[in-house]
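The structure under discussion appears below in the form of structure tokens.
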Amino acid sequence: MADLPRCRRASWDDVDAWADRLAAAVRDGDAVPTTIVGLTRGGWVPARLLADRLGVKRIVSLRAQHWGVTATPDGAATLAEGLSGPVADEATLVVDDITDTGDSLRLAVDHVREAHPRRLESATFLHIAHSKFTPTYFAEEIPRTAWVWVVFPWNYWEDLAQLATRAAERGRGVDAIRRTLREACGLDVPRADLERVARYVPLG
Ligand code: ADP
């Protein structure tokens, strides 16, 4: 894993399009769920957007933990907190933002299975082809040779703070960091955003 990863910033328009595509796939599969399980934290917004499109009233949460800091898997994936509600006899869809190693989603699906749902499927917006686990539905596949760190809108400030901190090791100050993020990560960040980060993270 690169110290400063190649990045792709996802827009809310991308997110909307992925949610539309996933909802259509779930409907085509004739498998509209009665309960959506949103993995925290990355799966919460996707879970809510799918619930909106599919008319699903019930969302429960499950907390998987894997990637400690941006673009760095932190040991083995673990389930830090169990299901926030029962799923027995529910048609259940487990939702996350991306399958990368696939460890978290596999762990989550195995855990949910033990809670005896009537049906069990999974969905992610993005699926990296090297993942050990393939979700039932995904909106877009990223080829294994094209791995990127996806900067989702719900993780933007956290990712930016971490990437900028690492970029600062190569040259401090907002302008140098901005250049490094563009050259090393392929990320074009507005100056104002880095100035905002610099207010609470020391960037020199
Ligand atoms: P999975 O949930 O399929 O097991 P991972 O264990 O690979 O996925 O990753 C867990 C979480 O880490 C993801 O749900 C996502 O929030 C974050 N993540 C992993 N890889 C990436 C990536 N390439 N870009 C952005 N976020 C990622």
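By order in the structure tokens, chains are A, B, ...; within a chain, residues start at 1; ligands start at 1, following the order shown.
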Residue neighbourhood Pro5 of chain A, 9 Å, only C-alpha atoms, exclusion window fewer than 5 positions, as a list in words: Thr70, Ala71, Val148, Trp149, Leu163, Ala184, Cys185 and Gly186 of chain A
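Residue neighbourhood of Ala108 of chain A, excluding near-sequence residues (fewer than 4 positions): A:Leu39, A:Leu62, A:Arg63, A:Ala64, A:Thr78, A:Leu79, A:Val94, A:Asp103, A:Ser104, A:Val112, A:Arg113, at 9 Å, using only C-alpha atoms.
Around Phe152 of chain A, within 7 Å and counting only C-alpha atoms, the residues found are Arg9, Ala10 and Tyr156 of chain A, once anything fewer than 4 positions away on its own chain is removed.
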Could you pull out the residues in segment 35-201 of chain A that DSSP calls alpha helix (DSSP H) from the backbone, as a PyMOL selection string? chain A and resi 44-54+103-113+156-168+174-180+191-198
Would you give me, as a tab-separated table, each residue of chain A having an atom within 6 Å of an atom of ligand 1, along with its shortest atom pair and that distance in Å to one decimal, using only C-alpha atoms and all ligand atoms and sorting by chain and residue number?
```
residue	atom	partner	partner_atom_place_in_ligand_line	distance
A:Gly42	CA	ligand 1	16 (O)	4.1
A:His66	CA	ligand 1	10 (C)	5.4
A:Trp67	CA	ligand 1	12 (O)	5.0
A:Asp96	CA	ligand 1	14 (O)	5.4
A:Asp97	CA	ligand 1	14 (O)	5.3
A:Ile98	CA	ligand 1	14 (O)	5.1
A:Thr99	CA	ligand 1	3 (O)	3.1
A:Asp100	CA	ligand 1	7 (O)	3.5
A:Thr101	CA	ligand 1	7 (O)	3.6
A:Gly102	CA	ligand 1	3 (O)	3.2
A:Asp103	CA	ligand 1	4 (O)	3.5
A:Ser104	CA	ligand 1	4 (O)	2.9
A:Leu105	CA	ligand 1	4 (O)	3.9
A:Arg106	CA	ligand 1	4 (O)	6.0
A:Val148	CA	ligand 1	23 (N)	5.3
A:Trp149	CA	ligand 1	24 (N)	3.7
A:Val150	CA	ligand 1	24 (N)	3.7
A:Val151	CA	ligand 1	25 (C)	5.8
```
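The protein and nucleic acid residues lying at most 9 Å from segment 24-27 of chain A are Ala19, Asp20, Arg21, Leu22, Gly29, Asp30, Ala31, Val32, Pro33, Arg53, Leu54, Ala123, Tyr137, Phe138 and Ala139 of chain A, with only C-alpha atoms considered and sequence neighbours fewer than 2 positions away removed.
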Quick one: write out the picked residues with all heavy atoms as a short mmCIF file (atom, residue, chain, number, x, y, z; two decimals), in the first residue's frame?
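Output (selection10.cif):
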```cif
data_model
loop_
_atom_site.label_atom_id
_atom_site.label_comp_id
_atom_site.auth_asym_id
_atom_site.auth_seq_id
_atom_site.Cartn_x
_atom_site.Cartn_y
_atom_site.Cartn_z
N ALA A 19 -26.56 4.75 -6.19
CA ALA A 19 -27.75 4.34 -5.42
C ALA A 19 -28.89 3.96 -6.37
O ALA A 19 -29.58 2.97 -6.15
CB ALA A 19 -28.17 5.46 -4.47
N ASP A 20 -29.07 4.74 -7.43
CA ASP A 20 -30.12 4.42 -8.41
C ASP A 20 -29.87 3.05 -9.04
O ASP A 20 -30.78 2.23 -9.17
CB ASP A 20 -30.15 5.47 -9.54
CG ASP A 20 -30.79 6.78 -9.10
OD1 ASP A 20 -31.45 6.78 -8.04
OD2 ASP A 20 -30.62 7.79 -9.81
N ARG A 21 -28.61 2.83 -9.43
CA ARG A 21 -28.27 1.58 -10.10
C ARG A 21 -28.47 0.38 -9.17
O ARG A 21 -29.02 -0.65 -9.56
CB ARG A 21 -26.81 1.64 -10.57
CG ARG A 21 -26.61 1.04 -11.96
CD ARG A 21 -25.20 1.23 -12.45
NE ARG A 21 -24.83 2.63 -12.58
CZ ARG A 21 -23.57 3.08 -12.58
NH1 ARG A 21 -22.57 2.24 -12.43
NH2 ARG A 21 -23.32 4.36 -12.71
N LEU A 22 -28.03 0.54 -7.93
CA LEU A 22 -28.18 -0.57 -6.97
C LEU A 22 -29.65 -0.86 -6.70
O LEU A 22 -30.06 -2.03 -6.66
CB LEU A 22 -27.51 -0.21 -5.64
CG LEU A 22 -26.08 -0.65 -5.41
CD1 LEU A 22 -25.72 -0.43 -3.94
CD2 LEU A 22 -25.88 -2.12 -5.78
N GLY A 29 -33.96 -8.10 -9.14
CA GLY A 29 -33.78 -9.41 -8.51
C GLY A 29 -35.03 -9.83 -7.75
O GLY A 29 -35.05 -10.89 -7.15
N ASP A 30 -36.05 -8.98 -7.77
CA ASP A 30 -37.31 -9.28 -7.09
C ASP A 30 -37.06 -9.55 -5.61
O ASP A 30 -37.67 -10.42 -5.01
CB ASP A 30 -37.98 -10.49 -7.75
CG ASP A 30 -39.49 -10.45 -7.53
OD1 ASP A 30 -40.00 -9.37 -7.18
OD2 ASP A 30 -40.14 -11.50 -7.70
N ALA A 31 -36.12 -8.81 -5.07
CA ALA A 31 -35.65 -9.15 -3.72
C ALA A 31 -35.68 -7.93 -2.81
O ALA A 31 -34.73 -7.68 -2.09
CB ALA A 31 -34.25 -9.73 -3.82
N VAL A 32 -36.76 -7.14 -2.86
CA VAL A 32 -36.79 -5.94 -2.01
C VAL A 32 -36.75 -6.38 -0.55
O VAL A 32 -37.57 -7.19 -0.10
CB VAL A 32 -38.05 -5.09 -2.31
CG1 VAL A 32 -38.17 -3.95 -1.32
CG2 VAL A 32 -37.95 -4.54 -3.74
N PRO A 33 -35.77 -5.87 0.19
CA PRO A 33 -35.61 -6.33 1.58
C PRO A 33 -36.64 -5.73 2.53
O PRO A 33 -37.27 -4.72 2.22
CB PRO A 33 -34.21 -5.82 1.94
CG PRO A 33 -33.95 -4.68 1.02
CD PRO A 33 -34.74 -4.92 -0.22
N ARG A 53 -34.96 4.69 -1.71
CA ARG A 53 -35.37 4.28 -3.06
C ARG A 53 -36.24 3.02 -3.05
O ARG A 53 -37.06 2.82 -3.93
CB ARG A 53 -34.13 4.04 -3.93
CG ARG A 53 -33.52 5.34 -4.42
CD ARG A 53 -32.07 5.14 -4.81
NE ARG A 53 -31.50 6.34 -5.42
CZ ARG A 53 -31.09 7.41 -4.73
NH1 ARG A 53 -31.23 7.45 -3.40
NH2 ARG A 53 -30.56 8.46 -5.35
N LEU A 54 -36.02 2.15 -2.07
CA LEU A 54 -36.74 0.86 -2.06
C LEU A 54 -37.94 0.89 -1.11
O LEU A 54 -38.66 -0.10 -1.00
CB LEU A 54 -35.78 -0.27 -1.65
CG LEU A 54 -34.62 -0.54 -2.63
CD1 LEU A 54 -33.60 -1.49 -2.00
CD2 LEU A 54 -35.14 -1.12 -3.94
N ALA A 123 -24.92 -5.67 -0.69
CA ALA A 123 -24.78 -4.69 -1.77
C ALA A 123 -23.74 -3.64 -1.39
O ALA A 123 -23.66 -3.22 -0.23
CB ALA A 123 -26.12 -4.00 -2.03
N TYR A 137 -24.99 -7.58 -5.06
CA TYR A 137 -25.17 -6.46 -6.00
C TYR A 137 -24.05 -5.45 -5.79
O TYR A 137 -23.65 -5.19 -4.66
CB TYR A 137 -26.49 -5.72 -5.73
CG TYR A 137 -27.70 -6.62 -5.64
CD1 TYR A 137 -28.20 -7.00 -4.40
CD2 TYR A 137 -28.34 -7.06 -6.79
CE1 TYR A 137 -29.32 -7.82 -4.30
CE2 TYR A 137 -29.46 -7.88 -6.70
CZ TYR A 137 -29.94 -8.25 -5.46
OH TYR A 137 -31.04 -9.07 -5.36
N PHE A 138 -23.56 -4.88 -6.87
CA PHE A 138 -22.68 -3.71 -6.75
C PHE A 138 -22.94 -2.82 -7.97
O PHE A 138 -23.35 -3.31 -9.04
CB PHE A 138 -21.21 -4.09 -6.61
CG PHE A 138 -20.67 -5.00 -7.68
CD1 PHE A 138 -20.17 -4.50 -8.86
CD2 PHE A 138 -20.67 -6.38 -7.48
CE1 PHE A 138 -19.69 -5.36 -9.84
CE2 PHE A 138 -20.18 -7.25 -8.45
CZ PHE A 138 -19.70 -6.73 -9.63
N ALA A 139 -22.69 -1.51 -7.78
CA ALA A 139 -23.03 -0.58 -8.85
C ALA A 139 -21.90 -0.41 -9.85
O ALA A 139 -22.13 -0.19 -11.03
CB ALA A 139 -23.40 0.78 -8.25
#
```
Measuring atom to atom with only C-alpha atoms, identify which of A:Val37, A:Leu203, A:Leu107, A:Leu126 is nearest to Gln65 of chain A. A:Leu107
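Nearest to Ile36 of chain A of all the residues A:Gly75, A:Glu81, A:Thr92, A:His127 is A:Thr92, based on only C-alpha atoms.
The list of residues with at least one atom within 12 Å of Glu158 of chain A, based on only C-alpha atoms and without residues fewer than 3 positions apart in the same chain, reads Gly68, Val69, Thr70, Ala71, Val151, Phe152, Pro153, Trp154, Asn155, Ala161, Gln162, Leu163, Ala164, Thr165, Asp193, Leu194, Arg196, Val197, Tyr200 and Val201 of chain A.
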Name the residues in contact with Gly171 of chain A at a cut-off of 9 Å, using only C-alpha atoms, excluding same-chain residues fewer than 6 positions from it; report them as a list in words. Ile177, Thr180 and Gly204 of chain A
Would you list the contacts of segment 142-146 of chain A as a ChimeraX atom specification, taking every protein, DNA or RNA residue within 6 Å and counting only C-alpha atoms, but skipping same-chain residues closer than 5 positions in sequence? /A:128-130
Check the DSSP output for the backbone and give back, as a PyMOL selection string, the residues of segment 11-152 of chain A in strand (DSSP E). chain A and resi 35-40+58-69+72-81+91-99+119-128+137-142+149-151
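One finds atom CA of Arg8 of chain A at 21.4 Å from atom CA of Glu169 of chain A.
Comparing A:Asp175, A:Asp52, A:Asp3, A:Asp16 by their smallest distance to Phe125 of chain A, the closest is A:Asp16 (using only C-alpha atoms).
Restricting the calculation to only C-alpha atoms, the smallest distance between Glu90 of chain A and any of A:Ser61, A:Thr34, A:Ser11, A:Thr72 is found for A:Thr34.
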